[in-house]
$ cat my_file-v5.txt   # compact mmCIF, C-alpha atoms (C1' of nucleotides)
# COMPACT_ATOMS: atom_id res chain seq x y z
CA MET X 21 -4.42 11.44 -34.13
CA PRO X 22 -5.75 9.99 -37.38
CA THR X 23 -4.46 11.26 -40.70
CA GLU X 24 -6.77 12.36 -43.48
CA LYS X 25 -6.51 9.04 -45.27
CA GLU X 26 -7.28 7.14 -42.12
CA THR X 27 -10.50 9.05 -41.50
CA GLU X 28 -11.62 8.68 -45.09
CA GLN X 29 -10.91 4.97 -44.84
CA LYS X 30 -12.80 4.65 -41.56
CA ILE X 31 -15.82 6.30 -43.18
CA PHE X 32 -15.61 4.01 -46.18
CA ASP X 33 -15.36 0.90 -44.03
CA ALA X 34 -18.30 1.99 -41.88
CA ALA X 35 -20.39 2.90 -44.92
CA GLN X 36 -19.65 -0.48 -46.46
CA LYS X 37 -20.81 -2.25 -43.34
CA VAL X 38 -24.00 -0.21 -42.93
CA PHE X 39 -25.01 -0.14 -46.60
CA GLN X 40 -24.53 -3.88 -46.88
CA ARG X 41 -26.52 -4.48 -43.72
CA SER X 42 -29.41 -2.07 -44.36
CA GLY X 43 -29.39 -1.29 -48.08
CA PHE X 44 -29.24 2.19 -49.59
CA LYS X 45 -32.69 3.32 -48.47
CA GLY X 46 -32.40 1.67 -45.06
CA ALA X 47 -28.95 3.05 -44.24
CA ARG X 48 -28.80 6.21 -42.12
CA MET X 49 -25.95 8.69 -42.36
CA GLN X 50 -25.94 8.94 -38.57
CA GLU X 51 -25.63 5.16 -38.35
CA ILE X 52 -22.56 5.27 -40.60
CA ALA X 53 -21.02 8.06 -38.54
CA ASP X 54 -21.58 6.11 -35.32
CA GLU X 55 -20.10 2.97 -36.87
CA ALA X 56 -17.04 4.97 -37.89
CA GLY X 57 -16.83 6.65 -34.48
CA ILE X 58 -16.76 10.14 -36.01
CA ASN X 59 -19.01 13.12 -36.50
CA LYS X 60 -21.80 13.07 -39.06
CA SER X 61 -20.48 16.19 -40.78
CA MET X 62 -17.34 14.33 -41.75
CA LEU X 63 -19.34 12.14 -44.10
CA HIS X 64 -20.24 15.21 -46.13
CA TYR X 65 -16.74 16.62 -45.93
CA TYR X 66 -15.10 13.56 -47.47
CA TYR X 67 -17.97 12.37 -49.64
CA ARG X 68 -20.35 15.09 -50.82
CA ASN X 69 -23.62 13.32 -50.08
CA LYS X 70 -25.25 9.97 -49.50
CA ASP X 71 -25.41 9.13 -53.20
CA THR X 72 -21.70 9.67 -53.70
CA LEU X 73 -20.80 7.64 -50.64
CA PHE X 74 -23.06 4.82 -51.72
CA SER X 75 -21.77 4.84 -55.27
CA THR X 76 -18.20 4.49 -53.99
CA VAL X 77 -19.16 1.57 -51.79
CA PHE X 78 -21.24 -0.19 -54.43
CA GLN X 79 -18.61 0.02 -57.13
CA SER X 80 -15.98 -1.29 -54.76
CA ALA X 81 -18.26 -4.21 -53.85
CA ALA X 82 -18.99 -5.09 -57.48
CA LYS X 83 -15.28 -5.15 -58.23
CA LYS X 84 -14.69 -7.68 -55.49
CA ILE X 85 -16.67 -10.43 -57.19
CA MET X 86 -17.07 -10.34 -60.92
CA PRO X 87 -13.54 -9.47 -62.06
CA ARG X 88 -12.18 -12.34 -59.99
CA VAL X 89 -14.65 -14.80 -61.50
CA PHE X 90 -13.78 -13.57 -64.97
CA GLY X 91 -10.13 -13.92 -64.07
CA ILE X 92 -10.65 -17.59 -63.32
CA LEU X 93 -12.60 -18.07 -66.55
CA ALA X 94 -9.78 -16.43 -68.51
CA SER X 95 -7.06 -18.66 -67.07
CA GLU X 96 -5.48 -21.67 -68.75
CA SER X 97 -7.17 -24.28 -66.60
CA SER X 98 -9.47 -26.93 -67.99
CA LEU X 99 -13.20 -26.27 -68.03
CA ARG X 100 -13.76 -28.58 -65.10
CA GLU X 101 -10.98 -26.98 -63.09
CA LYS X 102 -12.46 -23.56 -63.77
CA VAL X 103 -15.83 -24.65 -62.43
CA VAL X 104 -14.20 -25.98 -59.28
CA GLN X 105 -12.26 -22.76 -58.82
CA VAL X 106 -15.31 -20.55 -59.34
CA VAL X 107 -17.31 -22.59 -56.84
CA GLU X 108 -14.50 -22.39 -54.32
CA PHE X 109 -14.14 -18.66 -54.86
CA TYR X 110 -17.84 -17.94 -54.25
CA HIS X 111 -17.95 -20.05 -51.13
CA ASN X 112 -14.76 -18.61 -49.67
CA ALA X 113 -15.86 -15.06 -50.47
CA PHE X 114 -19.18 -15.68 -48.76
CA ARG X 115 -17.44 -16.86 -45.61
CA GLU X 116 -15.49 -13.61 -45.50
CA ASN X 117 -18.47 -11.38 -46.23
CA PRO X 118 -21.92 -13.03 -46.17
CA GLU X 119 -23.82 -9.87 -47.07
CA LEU X 120 -21.81 -8.89 -50.13
CA PRO X 121 -23.65 -10.96 -52.79
CA SER X 122 -27.13 -9.97 -51.64
CA PHE X 123 -26.09 -6.32 -51.48
CA VAL X 124 -24.74 -6.16 -55.01
CA ILE X 125 -27.61 -8.08 -56.61
CA TYR X 126 -30.37 -6.14 -54.84
CA GLU X 127 -28.95 -2.66 -55.32
CA MET X 128 -28.18 -3.46 -58.93
CA ASN X 129 -31.90 -4.07 -59.44
CA HIS X 130 -32.88 -0.85 -57.68
CA HIS X 131 -30.51 1.64 -59.31
CA PRO X 132 -31.08 0.49 -62.88
CA GLN X 133 -29.73 3.27 -65.06
CA GLN X 134 -26.85 4.33 -62.91
CA PHE X 135 -25.15 0.99 -62.46
CA LYS X 136 -25.92 -0.74 -65.70
CA ASP X 137 -23.59 1.89 -67.13
CA PHE X 138 -21.02 1.09 -64.49
CA ILE X 139 -21.08 -2.62 -65.21
CA GLY X 140 -20.84 -1.80 -68.90
CA SER X 141 -17.83 0.44 -68.21
CA MET X 142 -16.02 -2.45 -66.54
CA GLU X 143 -15.93 -4.15 -69.93
CA MET X 144 -16.91 -7.46 -68.50
CA HIS X 145 -17.18 -9.72 -71.51
CA LEU X 146 -16.98 -13.46 -71.13
CA PRO X 147 -13.32 -14.42 -71.69
CA GLU X 148 -12.69 -15.82 -75.15
CA THR X 149 -10.83 -18.83 -73.82
CA PHE X 150 -13.87 -19.83 -71.77
CA ILE X 151 -16.24 -19.39 -74.71
CA GLU X 152 -13.97 -21.51 -76.90
CA GLN X 153 -13.68 -24.23 -74.28
CA VAL X 154 -17.44 -24.59 -74.04
CA GLU X 155 -18.00 -24.45 -77.78
CA GLU X 156 -15.28 -26.97 -78.49
CA ALA X 157 -16.54 -29.33 -75.83
CA VAL X 158 -19.99 -29.17 -77.38
CA GLU X 159 -18.66 -29.64 -80.91
CA SER X 160 -16.54 -32.62 -79.96
CA GLU X 161 -19.58 -34.08 -78.22
CA GLU X 162 -17.95 -34.10 -74.82
CA LEU X 163 -20.81 -31.96 -73.56
CA ARG X 164 -24.48 -31.49 -74.34
CA THR X 165 -25.43 -28.48 -76.45
CA ILE X 166 -25.26 -25.36 -74.29
CA THR X 167 -24.19 -21.76 -74.71
CA PRO X 168 -21.33 -20.36 -72.61
CA ASP X 169 -23.80 -17.85 -71.09
CA GLN X 170 -26.13 -20.57 -69.85
CA PHE X 171 -23.19 -22.65 -68.66
CA LEU X 172 -21.92 -19.82 -66.49
CA MET X 173 -25.44 -18.95 -65.35
CA ASN X 174 -25.86 -22.49 -64.02
CA VAL X 175 -22.66 -22.45 -62.01
CA VAL X 176 -23.32 -19.02 -60.55
CA SER X 177 -26.94 -19.89 -59.76
CA LEU X 178 -26.04 -23.03 -57.86
CA CYS X 179 -23.46 -21.10 -55.84
CA MET X 180 -25.19 -17.83 -55.10
CA MET X 181 -28.85 -18.65 -54.63
CA PRO X 182 -28.41 -20.40 -51.26
CA MET X 183 -26.39 -17.36 -50.17
CA LEU X 184 -28.94 -14.78 -51.30
CA ALA X 185 -31.81 -16.71 -49.72
CA ARG X 186 -30.01 -17.44 -46.46
CA ASN X 187 -32.90 -16.69 -44.09
CA MET X 188 -35.39 -18.48 -46.31
CA VAL X 189 -33.14 -21.54 -46.48
CA GLN X 190 -32.54 -21.59 -42.75
CA ALA X 191 -36.25 -21.17 -41.97
CA LEU X 192 -37.39 -23.77 -44.48
CA PHE X 193 -34.88 -26.46 -43.64
CA HIS X 194 -34.73 -25.53 -39.94
CA LEU X 195 -30.97 -24.94 -39.92
CA THR X 196 -28.87 -23.30 -37.21
CA ASP X 197 -26.10 -20.99 -38.43
CA GLU X 198 -23.63 -23.83 -38.08
CA GLU X 199 -25.83 -26.28 -39.98
CA TYR X 200 -26.38 -23.67 -42.68
CA PHE X 201 -22.66 -23.32 -43.30
CA SER X 202 -22.28 -27.10 -43.39
CA PHE X 203 -25.09 -27.18 -45.94
CA LEU X 204 -23.13 -24.69 -48.06
CA ASP X 205 -19.88 -26.62 -47.68
CA GLU X 206 -21.52 -29.79 -49.01
CA ARG X 207 -22.20 -27.90 -52.19
CA ARG X 208 -18.53 -27.31 -52.98
CA GLN X 209 -18.28 -30.83 -54.34
CA LEU X 210 -21.92 -31.28 -55.23
CA ILE X 211 -22.03 -28.40 -57.73
CA PRO X 212 -19.19 -29.44 -60.05
CA ASN X 213 -20.56 -32.98 -60.05
CA LEU X 214 -24.04 -31.77 -60.94
CA ILE X 215 -22.80 -29.50 -63.69
CA PHE X 216 -20.92 -32.22 -65.50
CA ASN X 217 -22.61 -35.45 -64.51
CA GLY X 218 -26.09 -34.63 -63.27
CA LEU X 219 -27.69 -36.99 -60.81
CA ALA X 220 -28.32 -39.98 -63.03
CA LEU X 221 -26.09 -42.99 -62.45
CA MET N 21 -69.14 4.54 -55.17
CA PRO N 22 -66.68 1.94 -53.83
CA THR N 23 -67.69 -0.32 -50.98
CA GLU N 24 -65.49 -0.80 -47.94
CA LYS N 25 -64.05 -4.04 -49.25
CA GLU N 26 -63.23 -2.45 -52.58
CA THR N 27 -61.26 0.37 -50.98
CA GLU N 28 -59.37 -2.00 -48.72
CA GLN N 29 -58.58 -4.14 -51.76
CA LYS N 30 -57.43 -1.14 -53.80
CA ILE N 31 -55.07 -0.18 -50.99
CA PHE N 32 -53.73 -3.71 -50.75
CA ASP N 33 -53.14 -3.94 -54.50
CA ALA N 34 -51.39 -0.58 -54.57
CA ALA N 35 -49.26 -1.45 -51.54
CA GLN N 36 -48.28 -4.73 -53.17
CA LYS N 37 -47.16 -2.94 -56.29
CA VAL N 38 -45.20 -0.23 -54.48
CA PHE N 39 -43.58 -2.47 -51.85
CA GLN N 40 -42.46 -4.91 -54.52
CA ARG N 41 -41.07 -2.10 -56.65
CA SER N 42 -39.32 -0.09 -53.92
CA GLY N 43 -38.89 -2.40 -50.94
CA PHE N 44 -40.09 -1.68 -47.42
CA LYS N 45 -37.69 1.16 -46.68
CA GLY N 46 -37.99 2.66 -50.15
CA ALA N 47 -41.79 2.61 -50.29
CA ARG N 48 -43.62 5.82 -49.37
CA MET N 49 -47.12 5.83 -47.92
CA GLN N 50 -47.98 8.76 -50.21
CA GLU N 51 -46.80 6.72 -53.20
CA ILE N 52 -49.13 3.89 -52.20
CA ALA N 53 -52.05 6.28 -51.77
CA ASP N 54 -51.42 7.81 -55.20
CA GLU N 55 -51.18 4.37 -56.78
CA ALA N 56 -54.53 3.45 -55.19
CA GLY N 57 -56.05 6.78 -56.19
CA ILE N 58 -57.21 7.53 -52.66
CA ASN N 59 -56.31 9.74 -49.73
CA LYS N 60 -53.28 8.96 -47.61
CA SER N 61 -55.34 8.85 -44.42
CA MET N 62 -57.21 5.84 -45.73
CA LEU N 63 -54.05 3.77 -45.44
CA HIS N 64 -54.05 4.31 -41.69
CA TYR N 65 -57.78 3.81 -41.42
CA TYR N 66 -57.74 0.34 -42.96
CA TYR N 67 -54.24 -0.72 -41.91
CA ARG N 68 -52.97 0.86 -38.74
CA ASN N 69 -49.47 1.78 -39.91
CA LYS N 70 -46.78 1.04 -42.48
CA ASP N 71 -45.57 -2.07 -40.66
CA THR N 72 -49.01 -3.65 -40.59
CA LEU N 73 -49.63 -2.89 -44.24
CA PHE N 74 -46.27 -4.30 -45.20
CA SER N 75 -46.72 -7.41 -43.13
CA THR N 76 -50.02 -8.13 -44.86
CA VAL N 77 -48.46 -7.71 -48.29
CA PHE N 78 -45.37 -9.76 -47.48
CA GLN N 79 -47.26 -12.70 -46.07
CA SER N 80 -49.56 -12.74 -49.05
CA ALA N 81 -46.57 -12.74 -51.38
CA ALA N 82 -44.83 -15.57 -49.55
CA LYS N 83 -47.98 -17.66 -49.80
CA LYS N 84 -48.05 -17.27 -53.56
CA ILE N 85 -44.83 -19.21 -54.13
CA MET N 86 -43.81 -21.76 -51.57
CA PRO N 87 -47.11 -23.53 -50.87
CA ARG N 88 -47.56 -24.11 -54.59
CA VAL N 89 -44.09 -25.57 -54.94
CA PHE N 90 -44.69 -27.81 -51.96
CA GLY N 91 -48.00 -28.80 -53.51
CA ILE N 92 -46.21 -30.02 -56.60
CA LEU N 93 -43.64 -31.88 -54.50
CA ALA N 94 -46.44 -33.58 -52.55
CA SER N 95 -48.27 -34.81 -55.65
CA GLU N 96 -48.16 -38.32 -57.07
CA SER N 97 -46.00 -37.48 -60.07
CA SER N 98 -42.62 -39.03 -60.67
CA LEU N 99 -39.54 -37.20 -59.45
CA ARG N 100 -38.65 -36.07 -62.96
CA GLU N 101 -42.18 -34.83 -63.59
CA LYS N 102 -42.10 -32.88 -60.36
CA VAL N 103 -38.90 -31.15 -61.38
CA VAL N 104 -40.42 -30.20 -64.72
CA GLN N 105 -43.55 -28.87 -63.01
CA VAL N 106 -41.60 -26.83 -60.47
CA VAL N 107 -39.47 -25.31 -63.21
CA GLU N 108 -42.57 -24.46 -65.24
CA PHE N 109 -44.27 -22.98 -62.20
CA TYR N 110 -41.36 -20.67 -61.37
CA HIS N 111 -41.01 -19.46 -64.93
CA ASN N 112 -44.72 -18.88 -65.41
CA ALA N 113 -45.02 -17.10 -62.06
CA PHE N 114 -42.11 -14.84 -63.01
CA ARG N 115 -43.81 -13.87 -66.25
CA GLU N 116 -46.88 -12.81 -64.30
CA ASN N 117 -44.97 -10.93 -61.62
CA PRO N 118 -41.23 -10.40 -62.22
CA GLU N 119 -40.63 -8.59 -58.93
CA LEU N 120 -42.22 -11.12 -56.60
CA PRO N 121 -39.24 -13.45 -56.07
CA SER N 122 -36.75 -10.67 -55.42
CA PHE N 123 -39.17 -8.99 -53.03
CA VAL N 124 -39.76 -12.04 -50.87
CA ILE N 125 -36.12 -13.11 -50.70
CA TYR N 126 -34.76 -9.65 -49.92
CA GLU N 127 -37.32 -8.65 -47.32
CA MET N 128 -36.98 -12.05 -45.69
CA ASN N 129 -33.32 -11.27 -45.10
CA HIS N 130 -34.06 -7.81 -43.70
CA HIS N 131 -36.86 -8.61 -41.25
CA PRO N 132 -35.20 -11.64 -39.68
CA GLN N 133 -37.08 -12.28 -36.46
CA GLN N 134 -40.51 -11.28 -37.61
CA PHE N 135 -40.79 -13.46 -40.69
CA LYS N 136 -38.78 -16.47 -39.69
CA ASP N 137 -41.62 -17.03 -37.28
CA PHE N 138 -44.12 -16.56 -40.05
CA ILE N 139 -42.45 -19.08 -42.32
CA GLY N 140 -42.29 -21.44 -39.37
CA SER N 141 -46.01 -20.93 -38.73
CA MET N 142 -46.80 -22.00 -42.30
CA GLU N 143 -45.56 -25.47 -41.37
CA MET N 144 -43.62 -25.83 -44.55
CA HIS N 145 -41.93 -29.17 -44.23
CA LEU N 146 -40.68 -31.00 -47.28
CA PRO N 147 -43.48 -33.39 -48.34
CA GLU N 148 -42.81 -36.96 -47.24
CA THR N 149 -43.53 -38.37 -50.68
CA PHE N 150 -40.80 -36.18 -52.16
CA ILE N 151 -38.31 -37.15 -49.48
CA GLU N 152 -39.05 -40.83 -50.06
CA GLN N 153 -38.73 -40.50 -53.81
CA VAL N 154 -35.26 -39.00 -53.53
CA GLU N 155 -34.11 -41.45 -50.88
CA GLU N 156 -35.41 -44.45 -52.81
CA ALA N 157 -33.83 -43.26 -56.04
CA VAL N 158 -30.51 -42.94 -54.24
CA GLU N 159 -30.84 -46.34 -52.55
CA SER N 160 -31.74 -48.11 -55.77
CA GLU N 161 -28.75 -46.39 -57.40
CA GLU N 162 -30.86 -44.55 -59.93
CA LEU N 163 -29.37 -41.31 -58.62
CA ARG N 164 -26.13 -40.17 -57.07
CA THR N 165 -26.09 -39.72 -53.30
CA ILE N 166 -27.90 -36.49 -52.43
CA THR N 167 -30.22 -35.26 -49.70
CA PRO N 168 -33.76 -34.10 -50.58
CA ASP N 169 -32.84 -30.64 -49.25
CA GLN N 170 -29.91 -30.27 -51.61
CA PHE N 171 -31.93 -31.70 -54.47
CA LEU N 172 -34.61 -29.06 -54.04
CA MET N 173 -32.03 -26.33 -53.45
CA ASN N 174 -30.48 -27.12 -56.84
CA VAL N 175 -33.75 -26.89 -58.74
CA VAL N 176 -34.81 -23.68 -57.03
CA SER N 177 -31.37 -22.12 -57.49
CA LEU N 178 -31.29 -22.80 -61.21
CA CYS N 179 -34.76 -21.28 -61.59
CA MET N 180 -34.66 -18.27 -59.33
CA MET N 181 -31.14 -16.90 -59.54
CA PRO N 182 -31.48 -15.54 -63.11
CA MET N 183 -34.72 -13.90 -61.96
CA LEU N 184 -33.25 -12.31 -58.82
CA ALA N 185 -30.21 -11.05 -60.71
CA ARG N 186 -32.14 -9.77 -63.70
CA ASN N 187 -30.31 -6.45 -64.13
CA MET N 188 -26.96 -8.07 -63.55
CA VAL N 189 -27.69 -10.76 -66.12
CA GLN N 190 -28.92 -8.27 -68.69
CA ALA N 191 -25.92 -5.99 -68.17
CA LEU N 192 -23.37 -8.79 -68.26
CA PHE N 193 -24.70 -10.64 -71.27
CA HIS N 194 -25.92 -7.46 -73.01
CA LEU N 195 -29.53 -8.64 -73.29
CA THR N 196 -32.58 -6.60 -74.24
CA ASP N 197 -35.76 -7.34 -72.29
CA GLU N 198 -36.90 -9.63 -75.08
CA GLU N 199 -33.59 -11.46 -75.23
CA TYR N 200 -33.62 -11.82 -71.47
CA PHE N 201 -36.99 -13.58 -71.51
CA SER N 202 -35.78 -15.85 -74.31
CA PHE N 203 -32.76 -16.64 -72.17
CA LEU N 204 -35.09 -17.63 -69.35
CA ASP N 205 -37.31 -19.72 -71.62
CA GLU N 206 -34.32 -21.75 -72.80
CA ARG N 207 -33.86 -22.79 -69.20
CA ARG N 208 -37.24 -24.53 -68.96
CA GLN N 209 -35.78 -27.55 -70.74
CA LEU N 210 -32.17 -26.99 -69.78
CA ILE N 211 -32.75 -27.23 -66.02
CA PRO N 212 -34.44 -30.66 -65.81
CA ASN N 213 -31.77 -32.03 -68.16
CA LEU N 214 -28.98 -30.62 -66.05
CA ILE N 215 -30.48 -31.91 -62.81
CA PHE N 216 -30.72 -35.48 -64.01
CA ASN N 217 -28.11 -35.84 -66.70
CA GLY N 218 -25.56 -33.07 -66.24
CA LEU N 219 -23.64 -31.91 -69.27
CA ALA N 220 -21.48 -34.95 -69.92
CA LEU N 221 -22.37 -37.05 -72.95
C1' DG T 24 -65.72 6.34 -44.59
C1' DT T 25 -63.39 10.04 -46.60
C1' DC T 26 -61.37 14.25 -46.70
C1' DT T 27 -58.13 18.60 -45.11
C1' DA T 28 -55.00 20.19 -42.11
C1' DT T 29 -51.52 19.54 -39.01
C1' DA T 30 -48.71 17.39 -35.44
C1' DT T 31 -44.39 15.02 -34.66
C1' DA T 32 -40.37 12.94 -35.73
C1' DA T 33 -36.45 11.66 -38.69
C1' DC T 34 -33.30 12.49 -42.16
C1' DG T 35 -29.86 14.69 -45.29
C1' DA T 36 -27.32 18.55 -45.61
C1' DT T 37 -25.05 23.07 -44.39
C1' DA T 38 -23.18 27.14 -41.69
C1' DG T 39 -19.88 28.70 -38.89
C1' DA T 40 -16.79 28.52 -34.76
C1' DC T 41 -12.44 26.58 -33.57
C1' DG C 12 -10.05 18.79 -40.42
C1' DT C 13 -13.37 18.43 -36.85
C1' DC C 14 -16.88 19.83 -34.09
C1' DT C 15 -21.84 21.96 -32.53
C1' DA C 16 -25.91 23.75 -33.85
C1' DT C 17 -29.40 24.18 -36.98
C1' DC C 18 -31.81 24.56 -41.39
C1' DG C 19 -35.02 22.66 -44.81
C1' DT C 20 -37.41 18.69 -46.27
C1' DT C 21 -39.79 14.80 -46.17
C1' DA C 22 -41.76 10.93 -43.63
C1' DT C 23 -45.33 8.66 -40.78
C1' DA C 24 -49.14 9.37 -38.26
C1' DT C 25 -53.21 11.75 -36.12
C1' DA C 26 -57.10 15.20 -35.18
C1' DG C 27 -61.18 16.76 -36.46
C1' DA C 28 -64.67 18.47 -39.88
C1' DC C 29 -68.07 16.56 -42.93

$ encode --input "my_file-v5.txt" --output "structure tokens"
Amino acid sequence: MPTEKETEQKIFDAAQKVFQRSGFKGARMQEIADEAGINKSMLHYYYRNKDTLFSTVFQSAAKKIMPRVFGILASESSLREKVVQVVEFYHNAFRENPELPSFVIYEMNHHPQQFKDFIGSMEMHLPETFIEQVEEAVESEELRTITPDQFLMNVVSLCMMPMLARNMVQALFHLTDEEYFSFLDERRQLIPNLIFNGLAL
Amino acid sequence: MPTEKETEQKIFDAAQKVFQRSGFKGARMQEIADEAGINKSMLHYYYRNKDTLFSTVFQSAAKKIMPRVFGILASESSLREKVVQVVEFYHNAFRENPELPSFVIYEMNHHPQQFKDFIGSMEMHLPETFIEQVEEAVESEELRTITPDQFLMNVVSLCMMPMLARNMVQALFHLTDEEYFSFLDERRQLIPNLIFNGLAL
DNA sequence: GTCTATATAACGATAGAC
DNA sequence: GTCTATCGTTATATAGAC
């Protein structure tokens, strides 16, 4: 006999799975109930409606990625170590949950008002230590001129794009699932090298 | 009085707009009819059902991006010139139609079977001239060791990711629409530099 | 070809018994 | 809390007049 918390948790887990797989519009309440192995009415008992349930799932998903990246950027590591750690984090997180990045990015674009506020409320500013590291490296002529925003954008782009475009990548390069993950793994070393040294020898 | 072709075209244009804005699941046939300024029944008269209409729109959208990129890669330009041209192409295309990239990538992930076949049928192999350019540059030690696939993946990632994650980028960096497009424009020069030279000085 | 009207099905949500 | 049964709405799709 499941307790109240257990049922609520089962619903949340099922909703997470279905929303990530099908998106907000594509997800069916019945599908979530089936996934959770419970009655459809329970969804409305614990979460008032589809919007509320989705909002809970989305906010949880957003919190799984960005705060951890910002945590790395705020640490006391060197700039190069931070890049390595961010790259490793993205690739490990993708292994655990391949649909998470695509879900957050897409739904963010399709619920503009609602979740821009949410992201704002998380107070996600670039950590000062990271900003200073980039600015100092530029000033001391260790690095080319670049803003911290663009620096971070480059790292995140090189990590996430092959994850967001998984089917496109597999179709274009004719990769099996196994080959696709090998392709991603190659990038763990490739990305930090590219960021700092480019391709020129 | 519109001719047959004109009505069919109006429906296609409206469907393109609505599907790109709302996605397949989110798009409503009524919404498309309103956008086209015609009766809902006409959608079924010219295109049998929602799936057929969507398929037409999606395939048209896919053909707007990838063949043009592959065209650049197959040209007789130098490797560096090709990178510049691809970057320019992506950024110009995004200005014309900001929702196109996100649409193609997302729907590709959510209609797996159907459109993997389609991409396969386009016979989109990496142009031989591009492959040879990368391999020769690596062999002659102009460039670090890298496969042509990874090389292309890097360029595309640096271009497209800030476009796919538009709302996330704007929320995180607190950018107005105008500032966001300036942010993108900075990347036209930044990306080729990063690809070849990295950040190290 | 284009319209109105309607069939048919799916979905989110609620009422009410237990 | 959990279930069954059902309401009310909204979708896609079709039938049939013009």

$ interface_residues --input "my_file-v5.txt" --of "chain X" --to "chain T" --cutoff "8 Å" --atoms "all atoms listed in the file" --output "list of chain:residue names"
X:Arg48, X:Met49, X:His64, X:Asn69, X:Lys70

$ interface_residues --input "my_file-v5.txt" --of "chain C" --to "chain N" --cutoff "12 Å" --atoms "all atoms listed in the file" --output "list of chain:residue names"
C:DT21, C:DA22, C:DT23, C:DA24, C:DT25, C:DA26

$ closest_residue --input "my_file-v5.txt" --among "N:Ile211, N:Leu163, N:Leu204, N:Leu93" --to "chain X" --atoms "only C-alpha atoms"
N:Leu163

$ interface_residues --input "my_file-v5.txt" --of "chain X" --to "chain N" --cutoff "8 Å" --atoms "all atoms listed in the file" --output "ChimeraX atom specification"
/X:42,45-46,122,125-126,128-130,132,136,139-140,144-145,161-164,169,173-174,177-178,180-182,184-188,191-193,213-221

$ atom_distance --input "my_file-v5.txt" --atom1 "atom CA of N:Gln105" --atom2 "atom CA of N:Phe90"
11.2 Å

$ atom_distance --input "my_file-v5.txt" --atom1 "atom CA of X:Phe109" --atom2 "atom CA of X:Arg208"
9.9 Å

$ atom_distance --input "my_file-v5.txt" --atom1 "atom CA of X:Ser80" --atom2 "atom CA of X:Pro118"
15.7 Å

$ axis_aligned_box --input "my_file-v5.txt" --around "chain C" --padding-each-side "6 Å" --output "lines of an AutoDock Vina configuration file"
center_x = -39.1
center_y = 16.6
center_z = -39.4
size_x = 70.0
size_y = 27.9
size_z = 25.7

$ build_atoms --input "my_file-v5.txt" --residues "stretch 158-171 of chain X" --atoms "N, CA and C atoms" --output "CSV table (one decimal), in the frame of the given file"
chain,number,residue,atom,x,y,z
X,158,VAL,N,-18.7,-28.8,-76.8
X,158,VAL,CA,-20.0,-29.2,-77.4
X,158,VAL,C,-19.8,-29.8,-78.8
X,159,GLU,N,-18.9,-29.2,-79.5
X,159,GLU,CA,-18.7,-29.6,-80.9
X,159,GLU,C,-18.1,-31.0,-80.9
X,160,SER,N,-17.2,-31.3,-80.0
X,160,SER,CA,-16.5,-32.6,-80.0
X,160,SER,C,-17.4,-33.6,-79.2
X,161,GLU,N,-18.6,-33.2,-78.9
X,161,GLU,CA,-19.6,-34.1,-78.2
X,161,GLU,C,-19.1,-34.6,-76.9
X,162,GLU,N,-18.3,-33.8,-76.2
X,162,GLU,CA,-18.0,-34.1,-74.8
X,162,GLU,C,-19.1,-33.7,-73.9
X,163,LEU,N,-19.7,-32.5,-74.3
X,163,LEU,CA,-20.8,-32.0,-73.6
X,163,LEU,C,-22.1,-31.8,-74.4
X,164,ARG,N,-23.2,-31.8,-73.7
X,164,ARG,CA,-24.5,-31.5,-74.3
X,164,ARG,C,-24.4,-30.1,-74.9
X,165,THR,N,-25.3,-29.8,-75.9
X,165,THR,CA,-25.4,-28.5,-76.4
X,165,THR,C,-25.8,-27.5,-75.4
X,166,ILE,N,-25.0,-26.4,-75.2
X,166,ILE,CA,-25.3,-25.4,-74.3
X,166,ILE,C,-24.4,-24.2,-74.7
X,167,THR,N,-25.0,-23.0,-74.4
X,167,THR,CA,-24.2,-21.8,-74.7
X,167,THR,C,-23.3,-21.5,-73.5
X,168,PRO,N,-22.2,-20.8,-73.7
X,168,PRO,CA,-21.3,-20.4,-72.6
X,168,PRO,C,-22.1,-19.5,-71.6
X,169,ASP,N,-23.0,-18.7,-72.0
X,169,ASP,CA,-23.8,-17.8,-71.1
X,169,ASP,C,-24.6,-18.7,-70.1
X,170,GLN,N,-25.3,-19.7,-70.7
X,170,GLN,CA,-26.1,-20.6,-69.8
X,170,GLN,C,-25.3,-21.4,-68.9
X,171,PHE,N,-24.1,-21.9,-69.5
X,171,PHE,CA,-23.2,-22.6,-68.7
X,171,PHE,C,-22.8,-21.9,-67.4
